[in-house]
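For reference, entry.txt is printed below; it contains compact mmCIF, C-alpha atoms.
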# COMPACT_ATOMS: atom_id res chain seq x y z
CA MET A 14 68.50 92.52 111.41
CA LYS A 15 67.46 96.13 110.81
CA LYS A 16 67.09 96.80 114.54
CA MET A 17 70.48 95.23 115.21
CA LEU A 18 72.04 97.41 112.51
CA ILE A 19 70.56 100.54 114.10
CA VAL A 20 71.73 99.58 117.59
CA GLU A 21 75.24 98.65 116.47
CA THR A 22 75.53 101.83 114.43
CA ARG A 23 74.62 103.92 117.47
CA LEU A 24 77.20 102.06 119.58
CA TYR A 25 79.77 102.53 116.85
CA LEU A 26 79.14 106.27 116.65
CA ARG A 27 79.47 106.62 120.42
CA ASP A 28 83.12 105.64 120.07
CA TRP A 29 83.73 108.82 118.12
CA PRO A 30 87.48 109.10 118.90
CA SER A 31 88.13 105.82 117.05
CA LEU A 32 85.88 106.90 114.21
CA LEU A 33 87.57 110.30 114.00
CA PHE A 34 91.00 108.65 114.00
CA THR A 35 90.03 106.17 111.29
CA VAL A 36 88.57 108.78 108.96
CA GLY A 37 90.55 111.84 110.00
CA LEU A 38 94.10 110.46 110.05
CA PRO A 39 94.25 109.49 106.36
CA VAL A 40 92.65 112.77 105.28
CA GLY A 41 94.98 114.75 107.56
CA LEU A 42 98.04 112.95 106.22
CA LEU A 43 96.87 113.51 102.64
CA LEU A 44 96.61 117.25 103.25
CA VAL A 45 99.78 117.60 105.33
CA LEU A 46 101.98 115.57 103.00
CA GLY A 47 100.48 117.08 99.87
CA LEU A 48 100.87 120.64 101.09
CA SER A 49 104.24 120.34 102.83
CA ILE A 50 106.28 118.14 100.46
CA PRO A 51 106.79 119.81 97.07
CA VAL A 52 107.49 116.58 95.19
CA MET A 53 103.95 115.43 95.93
CA THR A 54 102.51 118.10 93.65
CA GLU A 55 105.21 118.01 90.97
CA ALA A 56 104.48 116.16 87.75
CA GLY A 57 106.66 113.13 87.08
CA THR A 58 107.91 111.79 83.76
CA SER A 59 104.44 110.41 82.99
CA GLY A 60 102.81 113.75 83.74
CA GLU A 61 101.11 112.38 86.86
CA ARG A 62 101.58 113.93 90.29
CA MET A 63 101.72 111.81 93.44
CA VAL A 64 98.62 113.59 94.75
CA ASP A 65 96.68 112.50 91.66
CA ALA A 66 96.53 108.78 92.51
CA GLN A 67 99.52 107.45 94.46
CA LEU A 68 99.02 109.38 97.71
CA PRO A 69 95.18 109.12 97.85
CA SER A 70 95.44 105.38 97.16
CA MET A 71 97.88 104.93 100.02
CA MET A 72 95.65 106.89 102.38
CA THR A 73 92.67 104.76 101.34
CA LEU A 74 94.72 101.67 102.14
CA LEU A 75 95.60 103.18 105.53
CA ALA A 76 91.94 103.78 106.38
CA LEU A 77 90.92 100.25 105.44
CA LEU A 78 93.84 98.64 107.28
CA THR A 79 92.95 100.65 110.40
CA LEU A 80 89.40 99.32 110.24
CA ALA A 81 90.43 95.74 109.48
CA CYS A 82 93.37 95.36 111.86
CA ASN A 83 92.31 97.56 114.77
CA ILE A 84 88.60 98.38 114.92
CA VAL A 85 87.03 95.06 113.86
CA PRO A 86 89.23 92.80 116.05
CA ALA A 87 88.87 95.06 119.10
CA VAL A 88 85.06 95.17 118.88
CA LEU A 89 84.54 91.47 118.20
CA THR A 90 86.99 90.21 120.82
CA THR A 91 85.42 92.54 123.39
CA TYR A 92 81.98 91.18 122.54
CA ARG A 93 83.28 87.63 122.91
CA GLU A 94 85.07 88.46 126.16
CA ARG A 95 81.89 89.94 127.65
CA GLY A 96 79.83 86.92 126.61
CA VAL A 97 77.69 88.80 124.09
CA LEU A 98 78.34 86.30 121.30
CA ARG A 99 77.81 83.31 123.59
CA ARG A 100 74.47 84.62 124.80
CA MET A 101 73.35 85.36 121.27
CA SER A 102 74.22 81.81 120.19
CA THR A 103 71.50 80.52 122.55
CA THR A 104 68.82 82.72 120.95
CA PRO A 105 67.12 82.57 117.54
CA VAL A 106 69.33 85.51 116.52
CA HIS A 107 72.57 83.81 115.49
CA PRO A 108 75.74 85.78 116.39
CA GLY A 109 76.80 85.46 112.77
CA ARG A 110 74.32 88.26 112.07
CA LEU A 111 76.21 90.48 114.47
CA LEU A 112 79.42 89.76 112.58
CA GLY A 113 77.69 90.64 109.34
CA VAL A 114 76.38 93.90 110.79
CA GLN A 115 79.83 94.85 112.10
CA LEU A 116 81.45 94.13 108.75
CA LEU A 117 78.77 96.16 106.96
CA ILE A 118 79.21 99.13 109.29
CA ASN A 119 82.99 99.10 108.86
CA LEU A 120 82.64 98.79 105.10
CA VAL A 121 80.38 101.86 105.08
CA VAL A 122 82.95 103.75 107.17
CA GLY A 123 85.59 102.72 104.65
CA VAL A 124 83.45 104.00 101.79
CA VAL A 125 82.86 107.31 103.59
CA SER A 126 86.59 107.66 104.28
CA ALA A 127 87.43 106.97 100.63
CA ALA A 128 84.81 109.48 99.47
CA ILE A 129 86.27 112.17 101.74
CA LEU A 130 89.77 111.38 100.48
CA ILE A 131 88.64 111.60 96.86
CA GLY A 132 86.85 114.88 97.52
CA SER A 133 89.77 116.37 99.48
CA ALA A 134 92.31 115.46 96.81
CA ALA A 135 90.07 116.96 94.12
CA VAL A 136 89.25 120.19 95.96
CA VAL A 137 92.64 120.93 97.51
CA PHE A 138 95.01 119.64 94.83
CA GLY A 139 92.84 119.51 91.74
CA ALA A 140 93.38 115.76 91.54
CA PRO A 141 91.13 113.91 89.09
CA LEU A 142 88.37 111.63 90.28
CA PRO A 143 89.04 107.91 89.70
CA ARG A 144 89.21 107.69 85.90
CA GLN A 145 87.82 104.15 85.84
CA PRO A 146 85.04 104.44 88.44
CA VAL A 147 83.56 100.98 87.88
CA ALA A 148 86.93 99.26 88.12
CA PHE A 149 87.81 101.43 91.11
CA ALA A 150 84.61 100.48 92.94
CA PHE A 151 85.14 96.79 92.18
CA VAL A 152 88.75 96.85 93.38
CA PHE A 153 87.77 98.82 96.47
CA LEU A 154 85.03 96.38 97.49
CA LEU A 155 87.15 93.30 96.74
CA GLY A 156 90.14 94.65 98.63
CA SER A 157 88.01 95.83 101.54
CA ALA A 158 86.47 92.37 101.86
CA ALA A 159 89.90 90.71 101.80
CA LEU A 160 91.29 93.05 104.46
CA LEU A 161 88.22 92.65 106.66
CA ALA A 162 88.66 88.87 106.37
CA ILE A 163 92.17 89.34 107.77
CA GLY A 164 90.60 91.36 110.58
CA LEU A 165 88.26 88.46 111.37
CA VAL A 166 91.24 86.09 111.59
CA ILE A 167 92.91 88.50 114.04
CA ALA A 168 89.68 88.59 116.07
CA ALA A 169 89.59 84.79 116.04
CA LEU A 170 93.16 84.46 117.32
CA ALA A 171 93.24 87.32 119.83
CA PRO A 172 92.55 86.05 123.36
CA ASN A 173 90.85 89.26 124.53
CA GLY A 174 90.02 92.83 123.64
CA LYS A 175 93.19 94.24 125.20
CA THR A 176 95.55 92.15 123.08
CA ALA A 177 93.62 92.50 119.81
CA PRO A 178 94.96 95.99 118.91
CA GLY A 179 98.53 94.84 119.55
CA ILE A 180 98.15 91.82 117.32
CA GLY A 181 96.44 94.00 114.76
CA ALA A 182 99.37 96.44 114.78
CA VAL A 183 101.84 93.59 114.22
CA VAL A 184 99.84 92.65 111.12
CA MET A 185 98.98 96.16 109.97
CA PHE A 186 102.41 97.79 109.73
CA PRO A 187 104.04 95.10 107.56
CA LEU A 188 101.00 95.23 105.27
CA MET A 189 101.32 99.01 105.08
CA PHE A 190 104.97 98.65 104.14
CA LEU A 191 104.32 95.95 101.54
CA GLY A 192 101.47 98.03 100.15
CA GLY A 193 103.95 100.79 99.32
CA MET A 194 103.11 103.20 102.12
CA TRP A 195 106.74 104.20 102.75
CA VAL A 196 108.57 102.80 99.74
CA PRO A 197 106.58 103.00 96.49
CA ARG A 198 106.22 99.60 94.87
CA GLU A 199 107.77 100.95 91.67
CA ILE A 200 111.18 101.42 93.34
CA MET A 201 111.14 98.38 95.62
CA PRO A 202 113.98 95.88 95.14
CA ASP A 203 112.93 92.90 93.06
CA ALA A 204 112.85 90.50 96.03
CA LEU A 205 110.75 92.87 98.13
CA ARG A 206 108.48 93.59 95.19
CA ALA A 207 107.91 89.85 94.75
CA VAL A 208 106.85 89.56 98.40
CA SER A 209 104.61 92.60 98.00
CA ASP A 210 102.95 91.02 94.96
CA PHE A 211 101.59 88.24 97.17
CA SER A 212 100.77 90.27 100.28
CA VAL A 213 97.13 91.19 99.44
CA ALA A 214 97.89 94.79 100.45
CA GLY A 215 100.42 95.26 97.64
CA PRO A 216 98.23 94.05 94.75
CA PHE A 217 95.21 95.83 96.24
CA ALA A 218 97.03 99.16 96.50
CA GLN A 219 98.44 98.79 92.97
CA ALA A 220 95.07 97.88 91.46
CA LEU A 221 93.43 100.78 93.30
CA LYS A 222 96.06 103.19 92.01
CA ASP A 223 95.79 101.84 88.46
CA ALA A 224 92.00 102.26 88.38
CA TRP A 225 92.35 105.75 89.87
CA ALA A 226 94.90 106.72 87.19
CA GLY A 227 92.74 105.36 84.38
CA GLN A 228 94.57 102.09 83.77
CA SER A 229 92.97 98.66 83.84
CA PRO A 230 93.93 96.72 87.00
CA GLU A 231 96.07 93.68 86.23
CA LEU A 232 94.25 90.36 86.47
CA GLY A 233 97.14 88.94 88.49
CA HIS A 234 96.68 91.59 91.15
CA LEU A 235 92.94 90.99 91.30
CA ALA A 236 93.53 87.23 91.52
CA VAL A 237 95.85 87.62 94.53
CA VAL A 238 93.35 89.85 96.35
CA ALA A 239 90.50 87.43 95.57
CA ALA A 240 92.64 84.52 96.76
CA GLY A 241 93.33 86.43 99.98
CA LEU A 242 89.60 86.87 100.51
CA VAL A 243 88.98 83.16 100.03
CA ILE A 244 91.91 82.03 102.20
CA PHE A 245 91.46 84.41 105.09
CA GLY A 246 87.68 84.20 104.89
CA GLY A 247 87.95 80.43 105.16
CA LEU A 248 90.36 80.69 108.08
CA ALA A 249 88.03 83.12 109.83
CA VAL A 250 85.10 80.72 109.46
CA ARG A 251 87.19 77.82 110.73
CA LEU A 252 88.90 79.60 113.63
CA PHE A 253 86.35 82.08 114.90
CA ARG A 254 85.10 81.36 118.42
CA TRP A 255 81.79 82.56 119.83
CA GLU A 256 83.04 82.16 123.41

Is it possible to give me this structure as structure tokens?
Amino acid sequence: MKKMLIVETRLYLRDWPSLLFTVGLPVGLLLVLGLSIPVMTEAGTSGERMVDAQLPSMMTLLALLTLACNIVPAVLTTYRERGVLRRMSTTPVHPGRLLGVQLLINLVVGVVSAAILIGSAAVVFGAPLPRQPVAFAFVFLLGSAALLAIGLVIAALAPNGKTAPGIGAVVMFPLMFLGGMWVPREIMPDALRAVSDFSVAGPFAQALKDAWAGQSPELGHLAVVAAGLVIFGGLAVRLFRWE
């Protein structure tokens, strides 16, 4: 397992453009939007600025969705297409270990991306660190697991490595929208807000923002994210093909 982790990590790092895009795009957007749009750094009625929690939370969601909907499906479908998973299934090393290693690597990349976002927001804009760090870490790990489970379902359904990114994009952009990337959840119409509340991305983004701002995440939001993990994790187990 350790050797496989080292090998897969080296392969992952060789694809540095994808890694740079995954980590760099959210950080770049955080800086560009925060520095170029005055309203981002203006205090609202609650005294909070958008760069304090709202914008960093959205960029964290963007990084995790990129990993879940693009990187994970592309890698796993390519492995399946090239027969890597099929060959491994005939050896004592079950291909499930490879899936576990890939998920672990992408989770670590997500953690690194979130850490850079937190540090950038703090250094450049004076934004506070997550005020409820334990709740923030719990929400982050739970939401990351749920989104990665969605990525495994995409990998299971995609016929090959070329189509996986396209399918991932079809899933990713609606989740970004429902998560409040373009229209904050607070000003969504009631009907759209209701859909967002059950989208996994919406409750995850809200719980992440709440923990960042020092509020306790709502149990309903956590329940939806946990349910998403169970549902999509179960679908991934049922649908995933080794060949």

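In this structure, CA of Val213 (chain A) sits 6.2 Å away from CA of Val237 (chain A).
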
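In this structure, CA of Glu21 (chain A) sits 18.8 Å away from CA of Phe34 (chain A).
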
Practice prompt. May I ask which of the residues A:Leu117, A:Leu111, A:Met72, A:Ala148 is the closest one to Val36 (chain A), counting all atoms listed in the file?
Written response: A:Met72

Fill in: Among listed residues A:Ala135, A:Ile19, A:Ala158, A:Leu46, nearest Val243 (chain A) (using only C-alpha atoms)
A:Ala158

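The spacing separating CA of Trp195 (chain A) from CA of Gln145 (chain A) amounts to 25.4 Å.
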
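Proximity to Met71 (chain A) was assessed for A:Ala56, A:Leu248, A:Leu48, A:Leu188 counting only C-alpha atoms; the smallest distance is recorded for A:Leu188.
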
Taking (85.1, 97.9, 121.0) in the file's coordinates as the center, which residues reach within 10 Å of it, counting only C-alpha atoms, put as a compact mmCIF listing (two decimals) with C-alpha atoms, in the frame of the given file?
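Result went into result.txt, see below:
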# COMPACT_ATOMS: atom_id res chain seq x y z
CA LEU A 24 77.20 102.06 119.58
CA TYR A 25 79.77 102.53 116.85
CA ASP A 28 83.12 105.64 120.07
CA SER A 31 88.13 105.82 117.05
CA ASN A 83 92.31 97.56 114.77
CA ILE A 84 88.60 98.38 114.92
CA VAL A 85 87.03 95.06 113.86
CA PRO A 86 89.23 92.80 116.05
CA ALA A 87 88.87 95.06 119.10
CA VAL A 88 85.06 95.17 118.88
CA LEU A 89 84.54 91.47 118.20
CA THR A 90 86.99 90.21 120.82
CA THR A 91 85.42 92.54 123.39
CA TYR A 92 81.98 91.18 122.54
CA GLY A 174 90.02 92.83 123.64
CA LYS A 175 93.19 94.24 125.20

Discussion item. Would you pick out the contacts of Leu75 (chain A) at 9 Å or less, using all atoms listed in the file, so that residues sharing its chain but fewer than 4 positions from it are not included, and give the list as a ChimeraX atom specification?
Written reply: /A:35,38-39,70-71,79-80,185,189,194

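Proximity to His234 (chain A) was assessed for A:Glu256, A:Asp210, A:Glu94, A:Glu199 counting all atoms listed in the file; the smallest distance is recorded for A:Asp210.
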
Discussion item. So that I can see what lies close to Glu231 (chain A), please list as a VMD selection string the residues with an atom at most 9 Å from it, counting all atoms listed in the file and leaving out residues fewer than 5 positions away in the same chain.
Written reply: chain A and resid 216 219 to 220 223 236

How would the residues just picked look written out with C-alpha atoms as a compact mmCIF listing (two decimals), in the frame of the given file?
# COMPACT_ATOMS: atom_id res chain seq x y z
CA PRO A 216 98.23 94.05 94.75
CA GLN A 219 98.44 98.79 92.97
CA ALA A 220 95.07 97.88 91.46
CA ASP A 223 95.79 101.84 88.46
CA ALA A 236 93.53 87.23 91.52

Worksheet, complete the sentence: In terms of all atoms listed in the file, the residue from A:Met63, A:Leu252, A:Leu18, A:Leu232 at minimal distance from Ala162 (chain A) is A:Leu252
